[in-house]
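What follows is structure03.txt (compact mmCIF, C-alpha atoms).
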# COMPACT_ATOMS: atom_id res chain seq x y z
CA MET A 1 6.82 -25.55 -3.78
CA PRO A 2 9.24 -26.90 -6.39
CA SER A 3 7.85 -29.04 -9.17
CA SER A 4 8.72 -32.71 -8.95
CA GLN A 5 9.78 -32.81 -12.64
CA ARG A 6 13.50 -33.01 -13.31
CA GLN A 7 13.42 -31.01 -16.52
CA PRO A 8 12.29 -27.41 -16.67
CA ASP A 9 8.58 -27.74 -17.15
CA GLN A 10 7.16 -25.75 -20.04
CA THR A 11 3.58 -26.41 -19.00
CA ARG A 12 4.19 -25.05 -15.55
CA ALA A 13 5.84 -21.95 -17.00
CA ARG A 14 2.92 -21.47 -19.42
CA ILE A 15 0.39 -21.70 -16.59
CA LEU A 16 2.34 -19.16 -14.54
CA ALA A 17 2.55 -16.72 -17.45
CA ALA A 18 -1.16 -17.12 -18.29
CA ALA A 19 -2.13 -16.65 -14.64
CA GLN A 20 0.00 -13.55 -14.30
CA ALA A 21 -1.74 -11.97 -17.28
CA ALA A 22 -5.21 -13.05 -16.11
CA PHE A 23 -4.70 -11.77 -12.55
CA ALA A 24 -3.39 -8.45 -13.83
CA GLU A 25 -6.30 -7.98 -16.23
CA GLN A 26 -9.22 -9.37 -14.25
CA GLY A 27 -8.02 -9.50 -10.68
CA TYR A 28 -7.56 -12.57 -8.53
CA ASP A 29 -11.21 -13.26 -7.79
CA ARG A 30 -12.45 -12.95 -11.36
CA ALA A 31 -9.64 -14.81 -13.07
CA SER A 32 -10.97 -18.38 -13.14
CA VAL A 33 -8.87 -21.54 -13.29
CA ALA A 34 -10.82 -22.44 -16.46
CA ALA A 35 -9.78 -19.19 -18.16
CA ILE A 36 -6.16 -19.62 -17.08
CA CYS A 37 -6.20 -23.18 -18.47
CA ARG A 38 -7.63 -21.96 -21.78
CA ALA A 39 -5.00 -19.21 -22.09
CA ALA A 40 -2.20 -21.62 -21.19
CA GLY A 41 -3.54 -24.39 -23.45
CA VAL A 42 -3.70 -27.00 -20.68
CA THR A 43 -6.47 -29.18 -19.29
CA LYS A 44 -7.75 -28.74 -15.76
CA GLY A 45 -6.05 -32.03 -14.98
CA GLY A 46 -2.78 -30.56 -16.23
CA PHE A 47 -3.32 -27.49 -14.09
CA TYR A 48 -3.96 -29.43 -10.89
CA HIS A 49 -0.97 -31.65 -11.60
CA HIS A 50 1.18 -28.55 -11.18
CA PHE A 51 -0.76 -26.45 -8.68
CA GLU A 52 -2.94 -27.51 -5.81
CA SER A 53 -5.17 -24.45 -6.15
CA LYS A 54 -5.44 -20.97 -7.61
CA GLN A 55 -4.08 -19.71 -4.32
CA ALA A 56 -0.99 -21.92 -4.54
CA LEU A 57 -0.39 -20.55 -8.04
CA PHE A 58 -0.74 -17.01 -6.80
CA TRP A 59 1.70 -17.67 -3.99
CA GLU A 60 4.19 -19.17 -6.45
CA LEU A 61 4.08 -15.97 -8.55
CA LEU A 62 4.68 -13.85 -5.48
CA SER A 63 7.50 -16.10 -4.26
CA GLN A 64 9.30 -15.87 -7.61
CA TRP A 65 9.13 -12.10 -7.49
CA LEU A 66 10.33 -11.93 -3.88
CA ASP A 67 13.17 -14.38 -4.60
CA GLY A 68 14.34 -12.17 -7.44
CA LEU A 69 14.37 -9.15 -5.15
CA ASP A 70 16.24 -11.15 -2.48
CA GLY A 71 18.88 -12.14 -4.98
CA ARG A 72 19.48 -8.56 -6.04
CA LEU A 73 19.70 -7.32 -2.46
CA SER A 74 22.17 -10.06 -1.49
CA LEU A 75 24.37 -9.20 -4.46
CA LEU A 76 24.34 -5.63 -3.31
CA GLU A 77 25.36 -6.43 0.28
CA GLN A 78 28.57 -7.95 -1.01
CA GLY A 79 29.47 -4.87 -3.03
CA ALA A 80 28.86 -1.70 -1.07
CA GLU A 81 31.14 -0.30 1.58
CA SER A 82 29.53 1.88 4.25
CA VAL A 83 25.89 1.53 5.30
CA PRO A 84 24.95 4.91 3.76
CA ASP A 85 26.48 3.65 0.48
CA GLN A 86 24.32 0.53 0.77
CA LEU A 87 21.19 2.60 1.31
CA VAL A 88 22.02 4.51 -1.85
CA ALA A 89 22.54 1.27 -3.79
CA MET A 90 19.28 -0.18 -2.39
CA THR A 91 17.37 2.75 -3.81
CA GLY A 92 18.79 1.88 -7.20
CA VAL A 93 17.73 -1.76 -6.89
CA VAL A 94 14.23 -0.87 -5.78
CA GLY A 95 13.89 1.57 -8.69
CA HIS A 96 15.06 -1.13 -11.06
CA VAL A 97 12.65 -3.73 -9.68
CA LEU A 98 9.76 -1.29 -9.89
CA ALA A 99 10.52 -0.40 -13.47
CA ALA A 100 10.77 -4.09 -14.44
CA ALA A 101 7.64 -5.10 -12.53
CA ALA A 102 5.44 -2.14 -13.48
CA GLY A 103 2.86 -4.23 -15.33
CA GLN A 104 2.76 -6.95 -12.67
CA LEU A 105 2.55 -4.85 -9.55
CA PRO A 106 -1.24 -4.71 -9.43
CA ILE A 107 -1.13 -8.46 -8.81
CA TYR A 108 0.86 -7.97 -5.65
CA ILE A 109 -1.48 -5.30 -4.42
CA GLU A 110 -4.28 -7.74 -5.17
CA TYR A 111 -2.43 -10.40 -3.24
CA LEU A 112 -2.12 -8.01 -0.34
CA THR A 113 -5.89 -7.56 -0.37
CA GLN A 114 -6.40 -11.32 -0.33
CA ALA A 115 -3.92 -11.68 2.51
CA LEU A 116 -5.85 -9.19 4.61
CA ARG A 117 -8.87 -11.49 4.56
CA ASP A 118 -7.15 -14.84 4.86
CA PRO A 119 -5.22 -15.74 8.03
CA GLU A 120 -3.33 -18.57 6.27
CA LEU A 121 -2.23 -16.27 3.46
CA GLN A 122 -1.37 -13.56 5.99
CA ALA A 123 0.97 -15.96 7.78
CA ALA A 124 2.61 -16.86 4.44
CA THR A 125 3.06 -13.19 3.57
CA GLY A 126 4.61 -12.55 6.95
CA ALA A 127 7.72 -14.64 6.20
CA PRO A 128 9.25 -12.61 3.34
CA TYR A 129 8.15 -9.41 5.04
CA ALA A 130 10.00 -10.44 8.19
CA ARG A 131 13.03 -11.33 6.06
CA TYR A 132 13.25 -7.85 4.52
CA HIS A 133 12.64 -6.27 7.89
CA GLN A 134 15.47 -8.25 9.48
CA ARG A 135 17.80 -7.50 6.59
CA ILE A 136 17.26 -3.77 6.91
CA ALA A 137 17.39 -3.79 10.72
CA ALA A 138 20.76 -5.59 10.52
CA LEU A 139 21.99 -2.95 8.06
CA ILE A 140 20.96 -0.11 10.41
CA ARG A 141 22.53 -1.88 13.39
CA ARG A 142 25.78 -2.21 11.47
CA GLY A 143 25.66 1.47 10.48
CA VAL A 144 25.26 2.46 14.13
CA GLU A 145 28.15 0.17 15.10
CA GLU A 146 30.48 1.37 12.34
CA GLY A 147 29.63 4.96 13.33
CA SER A 148 28.16 6.00 9.97
CA LEU A 149 24.63 6.42 11.41
CA ARG A 150 23.30 8.04 14.57
CA PRO A 151 22.13 5.57 17.26
CA ALA A 152 18.69 4.98 15.68
CA PRO A 153 16.57 2.04 16.90
CA PRO A 154 17.18 -0.66 14.22
CA GLU A 155 13.73 -2.33 14.28
CA ALA A 156 11.67 0.86 14.12
CA THR A 157 14.01 2.36 11.54
CA ALA A 158 13.66 -0.75 9.37
CA SER A 159 9.86 -0.28 9.48
CA VAL A 160 10.35 3.32 8.33
CA VAL A 161 12.62 2.30 5.44
CA LEU A 162 10.21 -0.46 4.33
CA GLY A 163 7.37 2.01 4.76
CA LEU A 164 9.03 4.50 2.43
CA VAL A 165 9.54 1.85 -0.24
CA MET A 166 6.00 0.48 0.01
CA GLY A 167 4.43 3.92 0.27
CA LEU A 168 6.16 5.26 -2.83
CA LEU A 169 5.21 2.05 -4.63
CA VAL A 170 1.52 2.38 -3.80
CA GLN A 171 1.48 6.03 -4.87
CA ALA A 172 3.32 5.35 -8.11
CA LEU A 173 0.78 2.61 -8.89
CA LEU A 174 -2.26 4.68 -8.01
CA ALA A 175 -1.16 7.90 -9.64
CA PRO A 176 1.67 7.14 -12.08
CA GLU A 177 1.43 10.59 -13.68
CA ALA A 178 0.96 12.59 -10.47
CA ALA A 179 4.64 13.07 -9.70
CA ASP A 180 8.18 12.48 -10.83
CA TRP A 181 8.73 9.19 -8.97
CA GLN A 182 12.45 9.14 -9.56
CA GLN A 183 12.75 12.58 -7.99
CA ALA A 184 10.55 11.44 -5.09
CA ALA A 185 12.74 8.36 -4.52
CA ALA A 186 15.86 10.53 -4.60
CA GLU A 187 14.31 12.92 -2.09
CA ALA A 188 13.27 10.00 0.14
CA LEU A 189 16.86 8.81 0.14
CA ARG A 190 18.14 12.32 0.93
CA ILE A 191 15.73 12.65 3.88
CA LEU A 192 16.61 9.17 5.10
CA LEU A 193 20.38 9.72 4.94
CA LYS A 194 20.18 13.15 6.56
CA GLY A 195 17.64 11.88 9.11
CA LEU A 196 19.93 9.01 10.11
CA ALA A 197 23.25 10.86 9.90
CA LYS A 198 25.44 11.31 12.95
CA GLU A 199 25.06 14.72 14.63
CA MET B 200 -23.14 12.35 -4.41
CA PRO B 201 -25.48 13.84 -1.78
CA SER B 202 -28.87 12.20 -1.30
CA SER B 203 -31.79 14.20 -2.58
CA GLN B 204 -33.73 13.61 0.68
CA ARG B 205 -34.02 16.54 3.04
CA GLN B 206 -34.03 14.50 6.23
CA PRO B 207 -31.16 12.27 7.33
CA ASP B 208 -31.98 9.01 5.64
CA GLN B 209 -31.89 5.99 7.92
CA THR B 210 -32.12 3.58 5.00
CA ARG B 211 -29.12 5.09 3.32
CA ALA B 212 -27.14 4.90 6.57
CA ARG B 213 -28.20 1.25 7.05
CA ILE B 214 -27.07 0.36 3.52
CA LEU B 215 -23.72 2.05 4.08
CA ALA B 216 -23.16 0.22 7.37
CA ALA B 217 -24.16 -3.15 5.88
CA ALA B 218 -21.92 -2.59 2.85
CA GLN B 219 -18.98 -1.65 5.02
CA ALA B 220 -19.31 -4.88 7.00
CA ALA B 221 -19.84 -6.98 3.85
CA PHE B 222 -16.85 -5.48 2.01
CA ALA B 223 -14.62 -5.97 5.03
CA GLU B 224 -15.66 -9.60 5.48
CA GLN B 225 -15.99 -10.80 1.90
CA GLY B 226 -14.17 -8.23 -0.17
CA TYR B 227 -15.63 -5.96 -2.81
CA ASP B 228 -16.03 -8.54 -5.57
CA ARG B 229 -17.73 -11.20 -3.44
CA ALA B 230 -20.04 -8.92 -1.46
CA SER B 231 -23.20 -8.93 -3.58
CA VAL B 232 -25.81 -6.19 -3.70
CA ALA B 233 -28.35 -8.88 -2.74
CA ALA B 234 -26.42 -9.76 0.43
CA ILE B 235 -25.99 -6.09 1.34
CA CYS B 236 -29.75 -5.56 0.88
CA ARG B 237 -30.52 -8.55 3.10
CA ALA B 238 -28.19 -7.34 5.85
CA ALA B 239 -29.58 -3.79 5.63
CA GLY B 240 -33.20 -4.97 5.47
CA VAL B 241 -33.98 -3.11 2.23
CA THR B 242 -35.29 -4.19 -1.15
CA LYS B 243 -33.15 -3.95 -4.28
CA GLY B 244 -35.44 -1.11 -5.35
CA GLY B 245 -34.63 0.67 -2.10
CA PHE B 246 -30.93 0.11 -2.69
CA TYR B 247 -30.94 1.54 -6.21
CA HIS B 248 -33.02 4.50 -5.05
CA HIS B 249 -30.00 5.51 -2.95
CA PHE B 250 -27.05 4.22 -4.94
CA GLU B 251 -26.58 3.91 -8.66
CA SER B 252 -24.32 0.88 -8.29
CA LYS B 253 -22.15 -1.08 -5.90
CA GLN B 254 -19.25 1.05 -7.10
CA ALA B 255 -21.06 4.29 -6.23
CA LEU B 256 -21.68 2.90 -2.74
CA PHE B 257 -18.04 1.97 -2.37
CA TRP B 258 -16.99 5.43 -3.47
CA GLU B 259 -19.37 7.01 -0.95
CA LEU B 260 -17.77 5.02 1.89
CA LEU B 261 -14.34 6.13 0.81
CA SER B 262 -15.42 9.76 0.45
CA GLN B 263 -16.86 9.81 3.96
CA TRP B 264 -13.59 8.53 5.36
CA LEU B 265 -11.51 11.01 3.37
CA ASP B 266 -13.77 13.90 4.36
CA GLY B 267 -13.30 13.00 8.02
CA LEU B 268 -9.53 13.03 7.57
CA ASP B 269 -9.73 16.37 5.72
CA GLY B 270 -11.70 17.91 8.57
CA ARG B 271 -9.14 16.82 11.13
CA LEU B 272 -6.22 18.11 9.10
CA SER B 273 -7.90 21.50 8.53
CA LEU B 274 -8.55 21.85 12.23
CA LEU B 275 -4.90 21.17 12.85
CA GLU B 276 -3.66 23.76 10.36
CA GLN B 277 -5.42 26.46 12.37
CA GLY B 278 -3.76 25.40 15.61
CA ALA B 279 -0.07 24.68 15.10
CA GLU B 280 2.64 27.25 14.90
CA SER B 281 5.78 26.32 12.96
CA VAL B 282 5.78 23.76 10.15
CA PRO B 283 7.80 21.23 12.21
CA ASP B 284 5.13 21.60 14.95
CA GLN B 285 2.47 20.87 12.33
CA LEU B 286 4.30 17.77 11.15
CA VAL B 287 4.35 16.55 14.75
CA ALA B 288 0.62 17.24 15.12
CA MET B 289 -0.11 15.50 11.79
CA THR B 290 1.52 12.33 13.07
CA GLY B 291 -0.88 12.41 16.00
CA VAL B 292 -3.89 12.81 13.70
CA VAL B 293 -2.80 10.01 11.41
CA GLY B 294 -2.26 7.72 14.41
CA HIS B 295 -5.71 8.59 15.68
CA VAL B 296 -7.37 7.96 12.32
CA LEU B 297 -5.58 4.62 11.98
CA ALA B 298 -6.65 3.49 15.44
CA ALA B 299 -10.27 4.48 14.75
CA ALA B 300 -10.35 2.94 11.27
CA ALA B 301 -8.48 -0.28 12.07
CA GLY B 302 -11.39 -2.57 11.22
CA GLN B 303 -12.33 -0.69 8.07
CA LEU B 304 -8.93 -0.25 6.49
CA PRO B 305 -9.00 -3.47 4.48
CA ILE B 306 -11.87 -1.92 2.52
CA TYR B 307 -9.67 0.94 1.40
CA ILE B 308 -6.90 -1.39 0.36
CA GLU B 309 -9.56 -3.30 -1.54
CA TYR B 310 -10.71 -0.08 -3.12
CA LEU B 311 -7.15 0.64 -4.14
CA THR B 312 -7.03 -2.73 -5.89
CA GLN B 313 -10.24 -1.94 -7.74
CA ALA B 314 -8.91 1.46 -8.73
CA LEU B 315 -5.83 -0.12 -10.27
CA ARG B 316 -8.02 -1.99 -12.75
CA ASP B 317 -10.61 0.69 -13.46
CA PRO B 318 -9.59 3.93 -15.21
CA GLU B 319 -12.78 5.72 -14.08
CA LEU B 320 -12.19 4.77 -10.46
CA GLN B 321 -8.52 5.68 -10.78
CA ALA B 322 -9.49 9.19 -11.90
CA ALA B 323 -11.88 9.48 -8.94
CA THR B 324 -9.17 8.34 -6.53
CA GLY B 325 -6.77 10.88 -7.98
CA ALA B 326 -8.75 13.85 -6.66
CA PRO B 327 -8.39 13.30 -2.88
CA TYR B 328 -4.85 12.04 -3.40
CA ALA B 329 -3.97 15.27 -5.20
CA ARG B 330 -5.64 17.26 -2.40
CA TYR B 331 -3.45 15.68 0.30
CA HIS B 332 -0.41 16.04 -1.88
CA GLN B 333 -1.09 19.75 -2.41
CA ARG B 334 -1.80 20.30 1.25
CA ILE B 335 1.52 18.77 2.28
CA ALA B 336 3.49 20.49 -0.52
CA ALA B 337 2.07 23.84 0.65
CA LEU B 338 3.14 23.03 4.22
CA ILE B 339 6.70 22.23 3.10
CA ARG B 340 6.83 25.37 0.95
CA ARG B 341 5.78 27.45 3.95
CA GLY B 342 8.39 25.76 6.14
CA VAL B 343 11.10 26.62 3.62
CA GLU B 344 9.84 30.22 3.45
CA GLU B 345 9.61 30.66 7.22
CA GLY B 346 13.10 29.19 7.51
CA SER B 347 12.16 26.24 9.70
CA LEU B 348 13.02 23.68 6.96
CA ARG B 349 15.95 23.33 4.56
CA PRO B 350 15.15 24.25 0.93
CA ALA B 351 13.62 20.84 0.08
CA PRO B 352 11.60 20.46 -3.15
CA PRO B 353 7.96 20.76 -1.95
CA GLU B 354 6.34 18.36 -4.46
CA ALA B 355 8.83 15.51 -4.11
CA THR B 356 8.93 15.96 -0.33
CA ALA B 357 5.13 15.76 -0.18
CA SER B 358 5.33 12.42 -2.03
CA VAL B 359 7.83 11.21 0.55
CA VAL B 360 5.62 12.27 3.48
CA LEU B 361 2.53 10.65 1.93
CA GLY B 362 4.66 7.60 1.15
CA LEU B 363 5.69 7.26 4.78
CA VAL B 364 2.08 7.44 5.94
CA MET B 365 0.81 4.96 3.36
CA GLY B 366 3.77 2.63 3.77
CA LEU B 367 3.42 2.39 7.55
CA LEU B 368 -0.30 1.86 7.06
CA VAL B 369 0.14 -1.05 4.67
CA GLN B 370 2.69 -2.70 6.95
CA ALA B 371 0.54 -2.25 10.05
CA LEU B 372 -2.35 -3.86 8.18
CA LEU B 373 -0.34 -6.75 6.80
CA ALA B 374 1.62 -7.52 9.94
CA PRO B 375 -0.11 -5.87 12.90
CA GLU B 376 1.97 -7.83 15.41
CA ALA B 377 5.33 -7.54 13.63
CA ALA B 378 6.39 -4.25 15.14
CA ASP B 379 5.54 -1.51 17.57
CA TRP B 380 3.75 0.78 15.09
CA GLN B 381 3.66 3.73 17.45
CA GLN B 382 7.42 3.53 17.86
CA ALA B 383 7.81 3.22 14.07
CA ALA B 384 5.61 6.29 13.51
CA ALA B 385 7.64 8.25 16.09
CA GLU B 386 10.89 7.19 14.38
CA ALA B 387 9.48 8.16 10.97
CA LEU B 388 8.71 11.60 12.34
CA ARG B 389 12.18 11.91 13.86
CA ILE B 390 13.85 10.97 10.55
CA LEU B 391 11.57 13.34 8.65
CA LEU B 392 12.20 16.32 10.94
CA LYS B 393 15.95 15.72 11.06
CA GLY B 394 16.03 15.03 7.31
CA LEU B 395 14.23 18.30 6.56
CA ALA B 396 15.92 20.46 9.21
CA LYS B 397 18.04 23.44 8.25
CA GLU B 398 21.76 22.73 8.19
Let me see the file written as structure tokens.
Amino acid sequence: MPSSQRQPDQTRARILAAAQAAFAEQGYDRASVAAICRAAGVTKGGFYHHFESKQALFWELLSQWLDGLDGRLSLLEQGAESVPDQLVAMTGVVGHVLAAAAGQLPIYIEYLTQALRDPELQAATGAPYARYHQRIAALIRRGVEEGSLRPAPPEATASVVLGLVMGLLVQALLAPEAADWQQAAAEALRILLKGLAKE
Amino acid sequence: MPSSQRQPDQTRARILAAAQAAFAEQGYDRASVAAICRAAGVTKGGFYHHFESKQALFWELLSQWLDGLDGRLSLLEQGAESVPDQLVAMTGVVGHVLAAAAGQLPIYIEYLTQALRDPELQAATGAPYARYHQRIAALIRRGVEEGSLRPAPPEATASVVLGLVMGLLVQALLAPEAADWQQAAAEALRILLKGLAKE
């Protein structure tokens, strides 16, 4: 969904920022295109020049966030040595992303809710999900091959790793004060590394 | 939130069933009280005799589901022997609950979204969450005491266990066909047991 403008488009950026704030405050359903236009200082015509629909705008916000996470994970794959080292580094990245995105995360939970009711959106969500899943499964497979992990099934193990990340995320969002989330993430990593270690 | 009627109230049950279907199909925001009344065959007066608001109705649906899960977990605590055995049995219960609730789960994700935007709802959600967290922390503490688990921190470990359950749930909802969820749950259990085992 890249804009057709050649120069960085300030209007587009303003709409995205206004939408992010509106979705976070009012939720996807209640945040109207009219209110987003008002907050961004653009006409409806200006809005629809940049985005086909509210849903397209929503998807663009999610894609930007996922691309940022992808970039960080790729950077990390070049650096670390053994697979256990990479799992340790991944925990750091996820913690970083969570801290940076704290105010925006409700939008992605909202998006998730939308996706559950919309087959088209569900298909679109499936792509980045599958990408992370593949990335982690490949990591596990490599760990088994290099002998740093026990022979765990890569696909199922990737689901467990993604599950841990998503599950801690949901809890931290729902009950930010209920636990020490950094300690929980460290313990998750400890369990994961010990649970996947060679006998 | 018990009804003040002495006899099981058919109207109340009809409203709950209609609301559950409406929330699942249209989402919380879009499902109107008017539509729920129509589907349940009650007047608005009848509706408000039983429920203070749409939110109270939503909360009642969630409470019923959580109470059912509580009952199953309590039953299980009486049966199992060692803490690792209990963790194995818990996986079975969670799998069972997920299979039974498959069609209704989007409502609870929806509820979660609502809770993120509503401090009152967030406080109400905190109570059952804290109950599960305590229950699991007590289980881990007992496992450490009985010597069947390594000395893991009970609170943080409980967050990890809850995280695994919630994370697998979210994935199974978002991408039901993407993986073998039973295999993933079994692998999660294997990692957990090995990750918490005594050296």
Please list as JSON, numbers by chain every residue within 8 Å of B:Leu348, counting only C-alpha atoms and excluding residues in the same chain fewer than 6 positions away.
{"B": [282, 283, 339, 342, 395, 396, 397]}
When you get a sec, could you note down which chain A residues fall within 8 Å of chain B, using all atoms listed in the file, as a ChimeraX atom specification?
/A:25-27,29,106,109-110,112-113,115-117,122,125-126,130,155-157,159-160,162-168,170-171,173-175,178-181,183-185,187-188,190-196
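Put simply, atom CA of A:Ala18 is 15.7 Å away from atom CA of A:Trp65.
We find atom CA of A:Val88 and atom CA of A:Gly68 to be spaced 19.2 Å apart.
Pairwise distance (atom CA of A:Pro119, atom CA of B:Gln254) equals 26.6 Å.
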Answer as JSON, numbers by chain, residues within 12 Å of (-1.4, -22.2, -5.4) using all atoms listed in the file:
{"A": [1, 2, 12, 15, 16, 19, 28, 33, 47, 48, 49, 50, 51, 52, 53, 54, 55, 56, 57, 58, 59, 60, 61, 62, 63, 121, 124]}
Compute the distance from (-7.7, 16.0, 4.6) to each atom, counting all atoms listed in the file, keep the residues with any atom at most 10 Å away, and return them as a PDB file with C-alpha atoms, in the frame of the given file; use the coordinates of the file.
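Final output, saved to result.pdb:
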ATOM      1  CA  TRP B 264     -13.590   8.530   5.360  1.00  0.00           C
ATOM      2  CA  LEU B 265     -11.510  11.010   3.370  1.00  0.00           C
ATOM      3  CA  ASP B 266     -13.770  13.900   4.360  1.00  0.00           C
ATOM      4  CA  GLY B 267     -13.300  13.000   8.020  1.00  0.00           C
ATOM      5  CA  LEU B 268      -9.530  13.030   7.570  1.00  0.00           C
ATOM      6  CA  ASP B 269      -9.730  16.370   5.720  1.00  0.00           C
ATOM      7  CA  GLY B 270     -11.700  17.910   8.570  1.00  0.00           C
ATOM      8  CA  ARG B 271      -9.140  16.820  11.130  1.00  0.00           C
ATOM      9  CA  LEU B 272      -6.220  18.110   9.100  1.00  0.00           C
ATOM     10  CA  SER B 273      -7.900  21.500   8.530  1.00  0.00           C
ATOM     11  CA  LEU B 274      -8.550  21.850  12.230  1.00  0.00           C
ATOM     12  CA  PRO B 327      -8.390  13.300  -2.880  1.00  0.00           C
ATOM     13  CA  TYR B 328      -4.850  12.040  -3.400  1.00  0.00           C
ATOM     14  CA  ARG B 330      -5.640  17.260  -2.400  1.00  0.00           C
ATOM     15  CA  TYR B 331      -3.450  15.680   0.300  1.00  0.00           C
ATOM     16  CA  HIS B 332      -0.410  16.040  -1.880  1.00  0.00           C
ATOM     17  CA  ARG B 334      -1.800  20.300   1.250  1.00  0.00           C
ATOM     18  CA  ILE B 335       1.520  18.770   2.280  1.00  0.00           C
TER      19      ILE B 335
END
